[in-house]
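First the structure, in the form of structure tokens, and then the observations on it.
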2 protein chains.
Amino acid sequence: MESVPTPSTALLPLVLEAYPKATHVTFFLLLLLACILIGHLFEKKSWLNESITSIAIGVFTGILILLTTRGQSSHILVFNEQLFFIYLLPPIIFNAGFQVKKKQFFRNFMTIILFGAFGSVISFVIISLGSLHLFKNLDVGFLDMQDYFALGAILTATDSVCTLQVLNQDETPLLYSLVFGEGVVNDATSVVLFNAIQQFDLSHITSTNAIQLAGSFLSLFLGSTLLGLAVGLLSAYIMKKLQFGRHSTYREIVMLILLAYLSYMIAEYWHLSGILSVFFCGIVMSHYTWHNVTESCRQISSHIFATLSFVAETLIFLYVGMDALDIEKWSFVRMSPGTSIGASSILLGLVLVGRGAFVFPLSFISNLTRKSDKDRIGFKQQVTIWWAGLMRGAVSVALAYNQFTMSGQNQIRGASMMITSTISIVLFTNLVFGLFTKSIVRIMVPRVNNTTYADFPTLESLSDPFLLDVDDDLESDMDGANMPRTNSCLLFLRFPTQCINHYWRKFDECFMRPVFGGSDTSLDPHTPENFP
Amino acid sequence: MESVPTPSTALLPLVLEAYPKATHVTFFLLLLLACILIGHLFEKKSWLNESITSIAIGVFTGILILLTTRGQSSHILVFNEQLFFIYLLPPIIFNAGFQVKKKQFFRNFMTIILFGAFGSVISFVIISLGSLHLFKNLDVGFLDMQDYFALGAILTATDSVCTLQVLNQDETPLLYSLVFGEGVVNDATSVVLFNAIQQFDLSHITSTNAIQLAGSFLSLFLGSTLLGLAVGLLSAYIMKKLQFGRHSTYREIVMLILLAYLSYMIAEYWHLSGILSVFFCGIVMSHYTWHNVTESCRQISSHIFATLSFVAETLIFLYVGMDALDIEKWSFVRMSPGTSIGASSILLGLVLVGRGAFVFPLSFISNLTRKSDKDRIGFKQQVTIWWAGLMRGAVSVALAYNQFTMSGQNQIRGASMMITSTISIVLFTNLVFGLFTKSIVRIMVPRVNNTTYADFPTLESLSDPFLLDVDDDLESDMDGANMPRTNSCLLFLRFPTQCINHYWRKFDECFMRPVFGGSDTSLDPHTPENFP
């Protein structure tokens with residue numbers, strides 16, 4: 001007779017009983033308001049960024065709740081990985097892709113891949129094997145081989161969200177594109193590593209395993225990227241053909257948001273990297289789709305993307321701060337505070353060493369391919385890259401919860417210890433590295449003016465005419481005419497990146513823009529009058 | 001030893017197992033895209049509105065799922081009242097308040113209250129007692145006294161969202177403000193009625209009970225309104241003093257959205273009417289706050305409000321359409337289709353009669369206070385008001401779920417029957433009344449031009465100088481000077497509304513605008529340069 005579905009915990013204005021959810025939402029609204037107000041009032045303090053403000057407010061609120069509930073509970077909402085990966089992460093990464101300076105990003109593409117793929121593997125191996133070796137002398141509880149490897153992957157995840165907070169694209173374009181791009185590629189590496197942990201026996205790596213792993217990474221990386229590009233191009237084509245702006249701006253805006261979100265969700269659905277996918281979708285949308293919508297939609301949509309990203313970032317840091325004080329998780333720490341501090345310190349040390357172990361050698365390798373001193377990544381810049389990518393954030397917390405809350409009874413102690421250690425590292429790196437990164441960037445890298453950032457040494461020489469971006473004013477002056485076609489084969493061998501850039505530009509102008517729209521089309525597609 | 005919290009069903013890019021939530025979200029994204037695409041392509045069909053498109057797509061999808069799962073299930077997500085009342089309803093009502101023509105709304109304020117409060121009670125009594133009487137001959141299963149009264153409240157709830165879909169503020173300003181305003185006030189009445197159902201014995205209404213009920217309604221109405229006004233004024237003051245736009249537009253936008261949402265959530269938290277509260281907050285924000293933000297924030301925020309409202313509306317109708325086919329609920333209908341059709345028809349008839357029973361008499365009473373023929377609500381307009389408010393929507397569905405899914409085992413049959421009847425009425429009224437309302441409005445009410453809608457007979461004469469809105473250009477010409485102060489007492493008795501309007505304008509100019517900002521302040525507060 002159970003034919004009527006059981007009700008969920010309903011919030012109805014008509015049922016005047018317990019309102020648990022209304023309380024939570026009201027509370028979070030007030031916290032968000034506090035974050036924005038305080039962030040606004042302390043705007044001019046250079047050492048303070050919004051992530052630190054939000055984390056501090058979160059921790060402070062956690063303490064308040066802990067005191068008012070007399071130690072019963074310290075949080076109102078438990079950190080929810082689903083909320084994080086479905087709702088909070090996509091707008092941040094999409095906005096980053098949408099706003100990224102494409103020229104800078106693609107110029108450093110090979111170095112980004114080098115850092116994001118090989119660098120992450122190096123860091124992963126060092127943290128995994130290091131903790132396996134060093135934890136032997138500490139009584140951290142039972143952890144199996146898989147847990148140690150998971151720990152490596154968790155603490156390797158550079159937090160792109162934190163990077164966006166402390167690095168400025170206009171002030172330090174090279175650092176931004178390297179560290180942020182690395183963080184995006186890093187996600188694909190993490191998926192492959194986590195898969196590997198579950199599928200392969202990593203304690204006995206054979207050459208077959210290694211090839212399988214590399215193939216898995218490649219297919220994941222290519223699949224996610226192609227999906228993002230495809231959805232981006234589809235959005236450009238739809239917006240160009242259907243002219244939603246004829247009737248209403250809001251339909252255009254909703255279409256853009258839905259399609260961008262779709263690229264993330266389909267990637268997740270197909271077990272690809274949603275982060276990679278939505279990032280490339282953002283790049284394509286800013287290059288093509290954005291030029292096919294009405295003027296008002298263009299203004300509004302970029303503000304909406306920035307606003308959504310800002311709210312999601314604030315919520316994440318608030319969440320991490322509040323959740324850090326969950327007393328249940330700290331019960332084992334209270335029993336053996338020394339062990340816990342030891343484990344956290346060891347892991348923090350391994351994070352520092354693991355990052356150093358790939359930033360400096362890979363920068364050295366990257367520099368070997370550069371011709372002039374001007375192109376090379378200097379030592380001071382290497383230190384800044386190392387430092388700026390040390391922060392761990394919500395991604396690490398979400399992964400730690402996922403790995404260590406499903407452990408069996410005999411692993412409870414070790415698992416609990418690993419969660420608190422991860423939270424400690426997240427709080428420590430955000431507060432300490434977050435507080436000083438802006439100052440360190442200012443000391444280590446000479447102040448770069450927004451308008452003259454071309455003087456900043458980049459990986460390839462900016463003087464090369466092939467590298468001029470399609471959006472540059474100079475483009476028309478040297479379009480094609482200066483290209484010495486006679487020795488193009490020799491040129492390709494000497495300047496492969498520049499040649500690819502040149503041919504891509506030709507292809508973009510002759511085929512892509514006429515089909516998918518873009519800034520240079522003679523017929524302005526976004527005025528309704530031009531549409532038949 | 002359960003010290004580690006149990007994980008929720010996590011969606012992680014790193015856990016490549018079942019992805020139930022990713023499927024749902026992807027699916028809903030695709031459905032939303034379909035709604036917008038089809039809505040765009042059929043834009044010019046006057047009989048088709050977006051709610052019908054969304055419901056049709058929802059029902060169609062439900063049938064598809066039913067066929068592919070071989071009759072096992074017809075929906076992916078069950079209609080969730082919490083989702084509806086916390087996330088979908090607030091943006092719609094806020095946007096309505098933000099965009100409402102304040103002059104028209106406040107001119108008809110007393111009639112709106114008359115319809116929304118007394119009208120709803122009349123309709124509630126007729127539907128409750130009518131169903132109690134007429135269901136005796138039908139085998140609908142056991143329903144207690146409370147169920148019948150709940151049914152009255154459920155089917156009295158005019159759906160403001162549906163009204164917004166079929167009535168156009170610019171084309172029929174009087175109808176819009178009356179029917180929509182009634183729907184908003186109606187919500188407060190429903191809260192009181194539902195409270196009454198749970199607290200009082202409605203079968204024996206005494207004069208004490210009646211006074212208590214009236215007092216309860218008054219306090220709820222005033223409390224919700226004052227809360228909305230207070231939050232609105234707070235937002236105006238904060239935006240004027242703190243000048244968020246100095247640094248970033250997105251902070252301004254987020255502040256506006258958060259404060260508007262806060263007015264709804266605090267009302268729900270204090271067991272008031274969130275709908276009333278957020279509606280008045282919207283009115284205050286458009287009158288004061290909106291003038292205190294930067295120009296770009298103004299443009300973007302009104303688009304964001306409209307966009308959020310549009311998405312929420314589409315989702316609600318999609319939801320109602322998909323959920324209508326839940327086979328579990330229809331199992332009793334299949335057993336006795338005749339009874340089910342009979343019950344639905346009776347309830348539909350009662351809805352028609354119940355609305356007629358207050359629209360015509362109350363219009364007559366309202367007309368008695370009007371001096372000239374021009375001011376009166378004509379018979380054709382009365383019919384249109386009656387017809388336009390017949391649609392029942394997501395509010396009714398949410399209330400029906402809330403009342404009838406908590407019934408005991410002996411009430412399962414009756415409760416299940418009432419849920420399917422409510423859904424039938426929602427589908428029927430939306431499809432039939434929704435399809436014809438635009439045509440009926442066009443036939444019954446002469447076409448009104450956007451610019452000349454002042455010719456449309458309003459409840460009070462537009463020729464009266466006191467009624468000129470504060471935004472009118474003419475205002476400065478007759479500001480104060482034309483007001484015959486000598487016989488103001490006599491004037492107040494003859495034109496109470498006009499006098500209140502006049503003194504409100506004075507108060508607004510001398511006290512409110514200097515404190516809370518507004519369109520006429522000499523110092524333009526939203527240019528950062530003017531701020532110290």
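Here, A, B, ... name the chains of the structure tokens in the order displayed, residue numbers run from 1 inside each chain, and ligands are numbered from 1 in the same displayed order.
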
Open item on the list: Please return, as a PyMOL selection string, all residues of region 77-286 of chain A that DSSP assigns to helix (DSSP H, G or I) on the basis of the backbone.
Closed with: chain A and resi 81-99+102-107+109-137+145-156+160-166+173-199+207-242+244-246+249-269+274-286

Open item on the list: I'd like the contact shell of Leu114 (chain A) - 9 Å cut-off, only C-alpha atoms, skipping same-chain residues fewer than 4 positions apart - returned as a ChimeraX atom specification.
Closed with: /A:109-110,118-119,182,362,366

Open item on the list: Set the distance at 8 Å and use only C-alpha atoms: which residues neighbour Val359 (chain B) once local chain neighbours fewer than 5 positions away are removed? I'd like the list as a PyMOL selection string.
Closed with: chain B and resi 115+119+382+385-386

Task: Nearest candidate to Phe221 (chain B) (options B:Val432, B:Ala312, B:Leu89, B:Leu272; using only C-alpha atoms) - done: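 That would be B:Leu272, the residue with the smallest distance to Phe221 (chain B).
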
Open item on the list: Need to verify the contact set: Ile154 (chain B), 8 Å, only C-alpha atoms, exclusion of same-chain residues closer than 6 positions in sequence. Can you return it as a list in words?
Closed with: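 Answer for this query is Val395, Ser396, Leu399 and Ala400 of chain B.
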
Take the selection from the previous step and output its residues with C-alpha atoms, as a PDB file, in the first residue's frame.
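Generated file (out19.pdb):
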```pdb
ATOM      1  CA  VAL B 395       2.255  26.242  -5.820  1.00  0.00           C
ATOM      2  CA  SER B 396      -0.863  24.053  -5.807  1.00  0.00           C
ATOM      3  CA  LEU B 399       0.921  22.206  -1.367  1.00  0.00           C
ATOM      4  CA  ALA B 400      -0.919  19.053  -2.442  1.00  0.00           C
TER       5      ALA B 400
END
```
